[in-house]
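Have a look at work34.pdb; it's PDB, C-alpha atoms and all ligand atoms:
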```pdb
ATOM      1  CA  MET A   5       7.976   6.984 -21.838
ATOM      2  CA  GLU A   6       4.351   7.968 -22.338
ATOM      3  CA  GLU A   7       3.484   5.743 -19.438
ATOM      4  CA  LEU A   8       6.015   7.534 -17.237
ATOM      5  CA  LEU A   9       4.514  10.863 -18.198
ATOM      6  CA  ARG A  10       1.025   9.635 -17.480
ATOM      7  CA  ARG A  11       2.136   8.385 -14.114
ATOM      8  CA  SER A  12       3.806  11.612 -13.057
ATOM      9  CA  GLU A  13       0.779  13.597 -14.149
ATOM     10  CA  LYS A  14      -1.392  11.244 -12.176
ATOM     11  CA  LEU A  15       0.708  11.736  -9.072
ATOM     12  CA  THR A  16       0.686  15.496  -9.282
ATOM     13  CA  THR A  17      -2.955  16.011 -10.046
ATOM     14  CA  VAL A  18      -4.025  17.253  -6.666
ATOM     15  CA  GLY A  19      -7.408  18.292  -7.943
ATOM     16  CA  GLN A  20      -8.257  14.794  -9.107
ATOM     17  CA  LEU A  21      -7.220  13.448  -5.753
ATOM     18  CA  ALA A  22      -9.271  15.996  -3.855
ATOM     19  CA  ALA A  23     -12.323  15.188  -5.964
ATOM     20  CA  GLY A  24     -11.829  11.497  -5.237
ATOM     21  CA  VAL A  25     -11.520  12.038  -1.507
ATOM     22  CA  ALA A  26     -14.583  14.247  -1.436
ATOM     23  CA  HIS A  27     -16.560  11.625  -3.326
ATOM     24  CA  GLU A  28     -15.399   8.698  -1.211
ATOM     25  CA  ILE A  29     -16.139  10.505   2.035
ATOM     26  CA  ARG A  30     -19.429  11.964   0.914
ATOM     27  CA  ASN A  31     -20.962   8.525   0.318
ATOM     28  CA  PRO A  32     -20.667   7.267   3.888
ATOM     29  CA  LEU A  33     -21.601  10.729   5.180
ATOM     30  CA  THR A  34     -24.820  10.609   3.160
ATOM     31  CA  THR A  35     -25.648   7.242   4.706
ATOM     32  CA  LEU A  36     -24.940   8.535   8.201
ATOM     33  CA  ARG A  37     -27.098  11.575   7.619
ATOM     34  CA  GLY A  38     -29.923   9.411   6.316
ATOM     35  CA  PHE A  39     -29.951   7.234   9.394
ATOM     36  CA  LEU A  40     -29.836  10.168  11.778
ATOM     37  CA  GLN A  41     -32.744  11.757   9.934
ATOM     38  CA  LEU A  42     -34.648   8.482  10.215
ATOM     39  CA  GLN A  43     -34.063   8.524  13.948
ATOM     40  CA  LEU A  44     -35.257  12.112  14.196
ATOM     41  CA  GLN A  45     -38.444  11.423  12.252
ATOM     42  CA  THR A  46     -39.409   7.958  13.436
ATOM     43  CA  GLU A  47     -37.149   7.181  16.418
ATOM     44  CA  LYS A  48     -36.740   3.759  14.845
ATOM     45  CA  LEU A  49     -33.007   3.356  14.696
ATOM     46  CA  ASN A  50     -32.190  -0.311  15.386
ATOM     47  CA  THR A  51     -28.982  -2.233  16.075
ATOM     48  CA  ARG A  52     -28.483  -3.011  12.403
ATOM     49  CA  HIS A  53     -28.679   0.689  11.553
ATOM     50  CA  VAL A  54     -26.203   1.540  14.284
ATOM     51  CA  ASP A  55     -23.858  -1.221  13.035
ATOM     52  CA  LEU A  56     -24.024   0.225   9.541
ATOM     53  CA  MET A  57     -23.361   3.698  10.877
ATOM     54  CA  LEU A  58     -20.319   2.456  12.753
ATOM     55  CA  SER A  59     -18.918   0.722   9.680
ATOM     56  CA  GLU A  60     -19.439   3.877   7.617
ATOM     57  CA  LEU A  61     -17.583   5.871  10.269
ATOM     58  CA  ASP A  62     -14.779   3.293  10.213
ATOM     59  CA  ARG A  63     -14.559   3.667   6.453
ATOM     60  CA  ILE A  64     -14.182   7.446   6.686
ATOM     61  CA  ASN A  65     -11.540   6.943   9.338
ATOM     62  CA  LEU A  66      -9.632   4.484   7.134
ATOM     63  CA  ILE A  67      -9.621   6.816   4.146
ATOM     64  CA  VAL A  68      -8.577   9.837   6.186
ATOM     65  CA  GLY A  69      -5.902   7.718   7.879
ATOM     66  CA  GLU A  70      -4.319   6.752   4.553
ATOM     67  CA  PHE A  71      -4.127  10.388   3.567
ATOM     68  CA  LEU A  72      -2.616  11.460   6.868
ATOM     69  CA  ILE A  73       0.392   9.292   6.008
ATOM     70  CA  LEU A  74       1.064  11.597   3.067
ATOM     71  CA  ALA A  75       0.172  14.814   4.783
ATOM     72  CA  LYS A  76       2.790  15.334   7.477
ATOM     73  CA  PRO A  77       5.796  16.870   5.744
ATOM     74  CA  GLN A  78       7.043  18.700   8.863
ATOM     75  CA  ALA A  79       7.344  15.475  10.802
ATOM     76  CA  THR A  80       9.420  13.859   8.063
ATOM     77  CA  ARG A  81      12.909  13.125   9.269
ATOM     78  CA  PHE A  82      15.289  11.109   7.142
ATOM     79  CA  GLU A  83      17.503   8.673   9.005
ATOM     80  CA  VAL A  84      20.048   6.102   7.862
ATOM     81  CA  ARG A  85      18.621   2.623   8.238
ATOM     82  CA  ASP A  86      19.472  -0.856   7.070
ATOM     83  CA  ILE A  87      16.413  -1.859   5.115
ATOM     84  CA  ARG A  88      16.798  -5.524   6.120
ATOM     85  CA  PHE A  89      15.857  -4.526   9.672
ATOM     86  CA  THR A  90      12.970  -2.355   8.543
ATOM     87  CA  LEU A  91      11.603  -5.272   6.517
ATOM     88  CA  GLY A  92      12.252  -7.667   9.391
ATOM     89  CA  ASP A  93      10.108  -5.506  11.701
ATOM     90  CA  VAL A  94       7.232  -5.463   9.230
ATOM     91  CA  ILE A  95       7.445  -9.209   8.645
ATOM     92  CA  SER A  96       7.266  -9.918  12.391
ATOM     93  CA  LEU A  97       4.272  -7.618  12.613
ATOM     94  CA  LEU A  98       2.381  -9.540   9.918
ATOM     95  CA  ASP A  99       3.668 -13.014  10.690
ATOM     96  CA  SER A 100       0.881 -14.251  12.954
ATOM     97  CA  GLN A 101      -1.804 -13.008  10.574
ATOM     98  CA  ALA A 102       0.001 -14.716   7.680
ATOM     99  CA  HIS A 103       0.222 -17.937   9.650
ATOM    100  CA  LEU A 104      -3.554 -17.909  10.158
ATOM    101  CA  CYS A 105      -3.980 -17.609   6.382
ATOM    102  CA  ASN A 106      -1.548 -20.464   5.600
ATOM    103  CA  ILE A 107       0.942 -18.005   4.201
ATOM    104  CA  VAL A 108       4.679 -18.215   4.769
ATOM    105  CA  PHE A 109       7.195 -15.439   4.250
ATOM    106  CA  VAL A 110      10.476 -16.613   2.750
ATOM    107  CA  THR A 111      13.272 -14.069   2.956
ATOM    108  CA  GLU A 112      16.540 -13.883   1.106
ATOM    109  CA  PHE A 113      18.609 -10.989   2.404
ATOM    110  CA  GLY A 114      22.243 -10.615   1.353
ATOM    111  CA  GLN A 115      25.108 -10.273   3.847
ATOM    112  CA  GLU A 116      26.148  -6.791   2.701
ATOM    113  CA  ASP A 117      24.979  -3.578   4.365
ATOM    114  CA  CYS A 118      21.751  -2.302   2.876
ATOM    115  CA  GLN A 119      21.719   1.206   4.283
ATOM    116  CA  ILE A 120      19.494   3.878   2.879
ATOM    117  CA  SER A 121      18.453   7.326   4.000
ATOM    118  CA  CYS A 122      14.762   7.117   4.698
ATOM    119  CA  GLU A 123      11.741   8.064   6.744
ATOM    120  CA  GLU A 124      11.463   4.617   8.264
ATOM    121  CA  ASN A 125       7.814   4.699   9.272
ATOM    122  CA  GLN A 126       6.833   5.658   5.755
ATOM    123  CA  LEU A 127       8.833   2.782   4.296
ATOM    124  CA  LYS A 128       7.236   0.434   6.814
ATOM    125  CA  GLN A 129       3.881   1.649   5.558
ATOM    126  CA  VAL A 130       4.901   0.789   1.987
ATOM    127  CA  PHE A 131       5.974  -2.726   2.951
ATOM    128  CA  ILE A 132       2.779  -3.251   4.969
ATOM    129  CA  ASN A 133       0.653  -2.122   2.002
ATOM    130  CA  VAL A 134       2.495  -4.379  -0.447
ATOM    131  CA  LEU A 135       2.592  -7.434   1.826
ATOM    132  CA  LYS A 136      -1.088  -7.047   2.676
ATOM    133  CA  ASN A 137      -1.984  -6.942  -1.005
ATOM    134  CA  ALA A 138       0.118 -10.063  -1.547
ATOM    135  CA  MET A 139      -1.671 -11.831   1.315
ATOM    136  CA  GLU A 140      -5.082 -10.732   0.088
ATOM    137  CA  ALA A 141      -4.246 -12.142  -3.348
ATOM    138  CA  MET A 142      -3.688 -15.613  -1.882
ATOM    139  CA  PRO A 143      -6.962 -16.749  -0.301
ATOM    140  CA  GLN A 144      -5.740 -20.364  -0.363
ATOM    141  CA  GLY A 145      -2.409 -19.491   1.221
ATOM    142  CA  GLY A 146       1.049 -19.991  -0.246
ATOM    143  CA  GLN A 147       4.447 -18.399  -0.218
ATOM    144  CA  ILE A 148       5.567 -14.776  -0.331
ATOM    145  CA  ALA A 149       9.221 -14.373  -1.270
ATOM    146  CA  ILE A 150      10.996 -11.238  -0.084
ATOM    147  CA  THR A 151      14.487 -10.519  -1.362
ATOM    148  CA  VAL A 152      16.881  -7.631  -0.830
ATOM    149  CA  HIS A 153      20.008  -7.178  -2.873
ATOM    150  CA  ARG A 154      22.394  -4.446  -3.949
ATOM    151  CA  GLN A 155      22.875  -3.497  -7.549
ATOM    152  CA  GLU A 156      25.607  -0.899  -7.986
ATOM    153  CA  ARG A 157      24.319   2.243  -6.255
ATOM    154  CA  GLN A 158      20.828   0.933  -5.831
ATOM    155  CA  LEU A 159      19.078  -1.314  -3.428
ATOM    156  CA  CYS A 160      16.444  -3.656  -4.856
ATOM    157  CA  VAL A 161      13.635  -5.091  -2.787
ATOM    158  CA  SER A 162      11.347  -7.605  -4.445
ATOM    159  CA  ILE A 163       8.154  -9.030  -3.021
ATOM    160  CA  THR A 164       6.669 -11.927  -4.984
ATOM    161  CA  ASP A 165       3.398 -13.682  -4.237
ATOM    162  CA  GLU A 166       1.742 -16.752  -5.712
ATOM    163  CA  GLY A 167      -1.639 -15.088  -5.829
ATOM    164  CA  ILE A 168      -4.349 -14.512  -8.396
ATOM    165  CA  GLY A 169      -2.270 -12.050 -10.416
ATOM    166  CA  ILE A 170      -3.417  -8.891 -12.186
ATOM    167  CA  PRO A 171      -4.675  -8.821 -15.790
ATOM    168  CA  GLU A 172      -2.669  -6.598 -18.103
ATOM    169  CA  GLU A 173      -5.439  -4.070 -18.685
ATOM    170  CA  LYS A 174      -5.678  -3.480 -14.935
ATOM    171  CA  ILE A 175      -1.976  -2.896 -14.384
ATOM    172  CA  ALA A 176      -2.126   0.590 -15.896
ATOM    173  CA  LYS A 177      -4.861   1.540 -13.417
ATOM    174  CA  LEU A 178      -2.838   0.580 -10.350
ATOM    175  CA  GLY A 179      -1.941   3.699  -8.444
ATOM    176  CA  ASP A 180      -5.062   5.564  -9.519
ATOM    177  CA  PRO A 181      -6.661   6.763  -6.305
ATOM    178  CA  PHE A 182      -9.604   4.614  -5.172
ATOM    179  CA  TYR A 183      -8.987   1.914  -7.763
ATOM    180  CA  THR A 184      -9.920  -1.307  -5.977
ATOM    181  CA  ASP A 185     -11.682  -4.596  -6.674
ATOM    182  CA  LYS A 186     -12.071  -5.517  -3.002
ATOM    183  CA  ASP A 187     -15.305  -5.080  -1.049
ATOM    184  CA  ALA A 188     -13.521  -3.528   1.905
ATOM    185  CA  GLY A 189     -10.665  -1.981  -0.097
ATOM    186  CA  THR A 190      -9.816   1.721  -0.183
ATOM    187  CA  GLY A 191      -7.795   1.612  -3.396
ATOM    188  CA  LEU A 192      -5.214   3.896  -1.798
ATOM    189  CA  GLY A 193      -2.448   1.458  -0.806
ATOM    190  CA  ILE A 194      -0.544   1.470  -4.075
ATOM    191  CA  MET A 195      -0.957   5.189  -4.661
ATOM    192  CA  VAL A 196       0.351   6.001  -1.173
ATOM    193  CA  SER A 197       3.239   3.523  -1.627
ATOM    194  CA  GLN A 198       4.214   4.964  -5.013
ATOM    195  CA  ARG A 199       4.264   8.461  -3.554
ATOM    196  CA  ILE A 200       6.409   7.456  -0.603
ATOM    197  CA  ILE A 201       8.927   5.641  -2.820
ATOM    198  CA  GLN A 202       8.964   8.618  -5.177
ATOM    199  CA  SER A 203       9.758  10.941  -2.257
ATOM    200  CA  HIS A 204      12.732   8.659  -1.505
ATOM    201  CA  GLN A 205      13.986   9.044  -5.101
ATOM    202  CA  GLY A 206      13.115   5.430  -5.744
ATOM    203  CA  ILE A 207      11.127   3.427  -8.280
ATOM    204  CA  PHE A 208       8.032   1.328  -7.596
ATOM    205  CA  GLU A 209       7.148  -1.281 -10.234
ATOM    206  CA  ILE A 210       4.558  -4.034 -10.478
ATOM    207  CA  LYS A 211       4.833  -7.098 -12.695
ATOM    208  CA  SER A 212       2.146  -9.702 -12.744
ATOM    209  CA  LYS A 213       0.811 -12.760 -14.498
ATOM    210  CA  VAL A 214      -2.747 -13.953 -14.006
ATOM    211  CA  GLY A 215      -2.840 -17.271 -12.203
ATOM    212  CA  VAL A 216       0.884 -17.168 -11.469
ATOM    213  CA  GLY A 217       1.451 -14.233  -9.149
ATOM    214  CA  THR A 218       2.660 -10.700  -8.721
ATOM    215  CA  THR A 219       6.040  -9.124  -8.062
ATOM    216  CA  VAL A 220       6.481  -5.660  -6.617
ATOM    217  CA  LEU A 221       9.944  -4.308  -7.259
ATOM    218  CA  ILE A 222      11.166  -1.355  -5.213
ATOM    219  CA  THR A 223      14.478   0.276  -6.095
ATOM    220  CA  LEU A 224      16.011   2.842  -3.740
ATOM    221  CA  PRO A 225      19.330   4.718  -3.787
ATOM    222  CA  LEU A 226      21.884   3.322  -1.335
ATOM    223  CA  TYR A 227      23.142   5.639   1.379
ATOM    224  CA  LYS A 228      26.199   7.523   0.075
ATOM    225  CA  ALA A 229      28.555   6.770   2.940
ATOM    226  CA  ASP A 230      27.872   3.150   2.304
ATOM    227  CA  ILE A 231      28.879   3.411  -1.354
ATOM    228  CA  SER A 232      32.271   4.996  -0.562
ATOM    229  CA  LYS A 233      33.072   2.070   1.696
ATOM    230  CA  THR A 234      32.828  -0.424  -1.143
TER     231      THR A 234
HETATM  232  P1  LIG A 301      -6.847  -2.066  -2.013
HETATM  233  O1  LIG A 301      -5.898  -3.121  -1.477
HETATM  234  O2  LIG A 301      -7.523  -1.291  -0.928
HETATM  235  O3  LIG A 301      -7.801  -2.599  -3.044
HETATM  236  P2  LIG A 301      -4.477  -1.067  -3.318
HETATM  237  O4  LIG A 301      -4.126   0.271  -3.870
HETATM  238  O5  LIG A 301      -3.580  -1.633  -2.278
HETATM  239  O6  LIG A 301      -5.965  -0.959  -2.777
HETATM  240  O7  LIG A 301      -4.585  -2.102  -4.526
HETATM  241  C1  LIG A 301      -5.417  -1.787  -5.635
HETATM  242  C2  LIG A 301      -5.812  -3.036  -6.405
HETATM  243  O8  LIG A 301      -4.677  -3.607  -7.040
HETATM  244  C3  LIG A 301      -6.364  -4.159  -5.557
HETATM  245  O9  LIG A 301      -7.761  -3.990  -5.323
HETATM  246  C4  LIG A 301      -6.084  -5.387  -6.413
HETATM  247  O10 LIG A 301      -7.070  -5.536  -7.406
HETATM  248  C5  LIG A 301      -4.807  -5.022  -7.126
HETATM  249  N1  LIG A 301      -3.617  -5.636  -6.487
HETATM  250  C6  LIG A 301      -2.669  -5.006  -5.749
HETATM  251  N2  LIG A 301      -1.708  -5.852  -5.345
HETATM  252  C7  LIG A 301      -2.046  -7.069  -5.831
HETATM  253  C8  LIG A 301      -1.455  -8.384  -5.773
HETATM  254  N3  LIG A 301      -0.316  -8.608  -5.094
HETATM  255  N4  LIG A 301      -2.082  -9.394  -6.425
HETATM  256  C9  LIG A 301      -3.233  -9.179  -7.109
HETATM  257  N5  LIG A 301      -3.844  -7.972  -7.208
HETATM  258  C10 LIG A 301      -3.265  -6.930  -6.579
HETATM  259 MG    MG A 302      -4.115  -2.759  -0.504
END
```
Mind turning the file's structure into structure tokens?
Amino acid sequence: MEELLRRSEKLTTVGQLAAGVAHEIRNPLTTLRGFLQLQLQTEKLNTRHVDLMLSELDRINLIVGEFLILAKPQATRFEVRDIRFTLGDVISLLDSQAHLCNIVFVTEFGQEDCQISCEENQLKQVFINVLKNAMEAMPQGGQIAITVHRQERQLCVSITDEGIGIPEEKIAKLGDPFYTDKDAGTGLGIMVSQRIIQSHQGIFEIKSKVGVGTTVLITLPLYKADISKT
């Protein structure tokens, strides 16, 4: 219960988020400014400097991009979709990249309708974030199991990897903005995903065992019309 409270506070603390964004964007901006000043004073900007400047600009772009996903409430339109197709689209999108990394996706989708009311592009973003994390956790390759099944009025999606796993003390930090242990990570994927699932009245959970793998469990309410049919 305390954990739930902590989590909801975390998700509503706009100030904390704003401070994080400012900090994360200020760092690359400081670098960019430094290089431009160097150019002004010495006219000695070389290719390496320009490369660094470009990668700092890319980083700002990446961070701002992740936030844009959250920041377009007017464009949000809920539609009824079968989540098996939404997941199928995302899997096809990532399939060739997975293949290159010796990763296979194994799906187990039930035969029953899995309709939910959702903003499909946002849900796609969640699945991309989760599947990418799973892939990044398996540098040697392996299997990612994706299952969808109905449980009373809920729809459960589970995504299980055979990756490095997450130590217990780190699990509580997941979803904190900018929490990452990757060199090129933004530490925003899980936070954005949790927010999107929350806005769909769903639950986003992570279970993990070091050296064994990680399971992300997403529970969403089934579309009402679908329930009355059964
Ligand atoms: P990023 O991927 O940019 O680091 P995320 O918010 O997506 O940011 O993930 C935050 C951190 O959670 C990752 O840096 C990683 O340490 C951990 N993590 C997330 N998913 C997994 C996973 N499937 N296996 C192992 N660690 C994970
Ligand atoms: Mg990620």
Check: Any idea what's packed within 6 Å of region 126-130 of chain A, counting all atoms listed in the file, ignoring anything in its chain fewer than 3 positions away? Could you give it as a ChimeraX atom specification?
Finding: /A:123,133,197
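Proximity to Asp62 (chain A) was assessed for A:Val214, A:Leu98, A:Ile148, A:Ala188 counting only C-alpha atoms; the smallest distance is recorded for A:Ala188.
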Note to self: For region 208-211 of chain A, find every residue with an atom within 10 Å (counting all atoms listed in the file), except residues of its own chain fewer than 4 positions away, and show them as a ChimeraX atom specification.
What the structure shows: /A:161-164,169-170,172,175-176,178,194,197-202,217-224
Let's have the selection written as a PDB file, keeping the file's coordinate frame, with C-alpha atoms.
```pdb
ATOM      1  CA  VAL A 161      13.635  -5.091  -2.787  1.00  0.00           C
ATOM      2  CA  SER A 162      11.347  -7.605  -4.445  1.00  0.00           C
ATOM      3  CA  ILE A 163       8.154  -9.030  -3.021  1.00  0.00           C
ATOM      4  CA  THR A 164       6.669 -11.927  -4.984  1.00  0.00           C
ATOM      5  CA  GLY A 169      -2.270 -12.050 -10.416  1.00  0.00           C
ATOM      6  CA  ILE A 170      -3.417  -8.891 -12.186  1.00  0.00           C
ATOM      7  CA  GLU A 172      -2.669  -6.598 -18.103  1.00  0.00           C
ATOM      8  CA  ILE A 175      -1.976  -2.896 -14.384  1.00  0.00           C
ATOM      9  CA  ALA A 176      -2.126   0.590 -15.896  1.00  0.00           C
ATOM     10  CA  LEU A 178      -2.838   0.580 -10.350  1.00  0.00           C
ATOM     11  CA  ILE A 194      -0.544   1.470  -4.075  1.00  0.00           C
ATOM     12  CA  SER A 197       3.239   3.523  -1.627  1.00  0.00           C
ATOM     13  CA  GLN A 198       4.214   4.964  -5.013  1.00  0.00           C
ATOM     14  CA  ARG A 199       4.264   8.461  -3.554  1.00  0.00           C
ATOM     15  CA  ILE A 200       6.409   7.456  -0.603  1.00  0.00           C
ATOM     16  CA  ILE A 201       8.927   5.641  -2.820  1.00  0.00           C
ATOM     17  CA  GLN A 202       8.964   8.618  -5.177  1.00  0.00           C
ATOM     18  CA  GLY A 217       1.451 -14.233  -9.149  1.00  0.00           C
ATOM     19  CA  THR A 218       2.660 -10.700  -8.721  1.00  0.00           C
ATOM     20  CA  THR A 219       6.040  -9.124  -8.062  1.00  0.00           C
ATOM     21  CA  VAL A 220       6.481  -5.660  -6.617  1.00  0.00           C
ATOM     22  CA  LEU A 221       9.944  -4.308  -7.259  1.00  0.00           C
ATOM     23  CA  ILE A 222      11.166  -1.355  -5.213  1.00  0.00           C
ATOM     24  CA  THR A 223      14.478   0.276  -6.095  1.00  0.00           C
ATOM     25  CA  LEU A 224      16.011   2.842  -3.740  1.00  0.00           C
TER      26      LEU A 224
END
```
To test the calculation: enclose all listed atoms of ligand LIG 301 (chain A) in a box whose edges run along x, y and z, add 8 Å on each side, then state centre and edge lengths in Å to one decimal, as JSON.
```
{"center_x": -4.1, "center_y": -4.6, "center_z": -4.2, "size_x": 23.5, "size_y": 25.7, "size_z": 22.5}
```
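Applied to this file, the PyMOL selection byres (((not hetatm)) within 7 of (chain A and resi 302)) selects Asn133, Val134, Lys136, Asn137, Gly189, Gly191, Leu192, Gly193 and Ile194 of chain A.
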Note to self: Can you tell me which residues surround Leu33 (chain A) at a distance of at most 12 Å, considering only C-alpha atoms, apart from same-chain residues fewer than 2 positions away, and format the answer as an NGL selection string?
What the structure shows: :A and (26-31 or 35-40 or 56-65)
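The closest residue to ligand LIG 301 (chain A), picked from A:Phe89, A:Phe82, A:Phe109, A:Phe182 and counting only C-alpha atoms and all ligand atoms, is A:Phe182.
As for CA of Glu70 (chain A) and CA of Lys174 (chain A), they are spaced 22.1 Å apart.
Using only C-alpha atoms and all ligand atoms, the smallest distance between any of A:Ala23, A:Ile87, A:Leu42, A:Met142 and ligand LIG 301 (chain A) comes from A:Met142.
Shortest separation to Thr90 (chain A) among A:Val196, A:Ile107, A:Val25, A:Ile120 occurs at residue A:Ile120, atoms counted being only C-alpha atoms.
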Next item on the list: List every protein, DNA or RNA residue that has at least one atom no more than 8 Å from (8.3, -15.4, 2.2) in the file's coordinates, counting all atoms listed in the file, and write the result as an MDAnalysis selection string.
Entry: chainID A and resid 108:111 147:150
File dump, residues just selected, C-alpha atoms, as a CSV table (one decimal), keeping the file's coordinate frame:
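Ended up saving to out_9.csv:
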```csv
chain,number,residue,atom,x,y,z
A,108,VAL,CA,4.7,-18.2,4.8
A,109,PHE,CA,7.2,-15.4,4.2
A,110,VAL,CA,10.5,-16.6,2.8
A,111,THR,CA,13.3,-14.1,3.0
A,147,GLN,CA,4.4,-18.4,-0.2
A,148,ILE,CA,5.6,-14.8,-0.3
A,149,ALA,CA,9.2,-14.4,-1.3
A,150,ILE,CA,11.0,-11.2,-0.1
```
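Straight-line separation from CA of Val216 (chain A) to atom O6 of ligand LIG 301 (chain A): 19.6 Å.
CA of Leu91 (chain A) sits 15.1 Å away from CA of Arg154 (chain A).
With distances taken over all atoms listed in the file, A:Ile168 is the one residue among A:Val54, A:Ile168, A:Cys122, A:Ile73 lying closest to ligand LIG 301 (chain A).
Using only C-alpha atoms and all ligand atoms, the smallest distance between any of A:Pro32, A:Pro181, A:Pro225, A:Gly69 and ligand LIG 301 (chain A) comes from A:Pro181.
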Note to self: Would you pick out the contacts of Asn106 (chain A) at 8 Å or less, using all atoms listed in the file, so that residues sharing its chain but fewer than 3 positions from it are not included, and give the list as a ChimeraX atom specification?
What the structure shows: /A:102-103,144-146
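Neighbouring residues of Val152 (chain A) at 8 Å or closer, counting all atoms listed in the file and skipping chain neighbours under 5 positions away, are Arg88, Glu112, Phe113, Gly114, Leu159, Cys160, Val161 and Ser162 of chain A.
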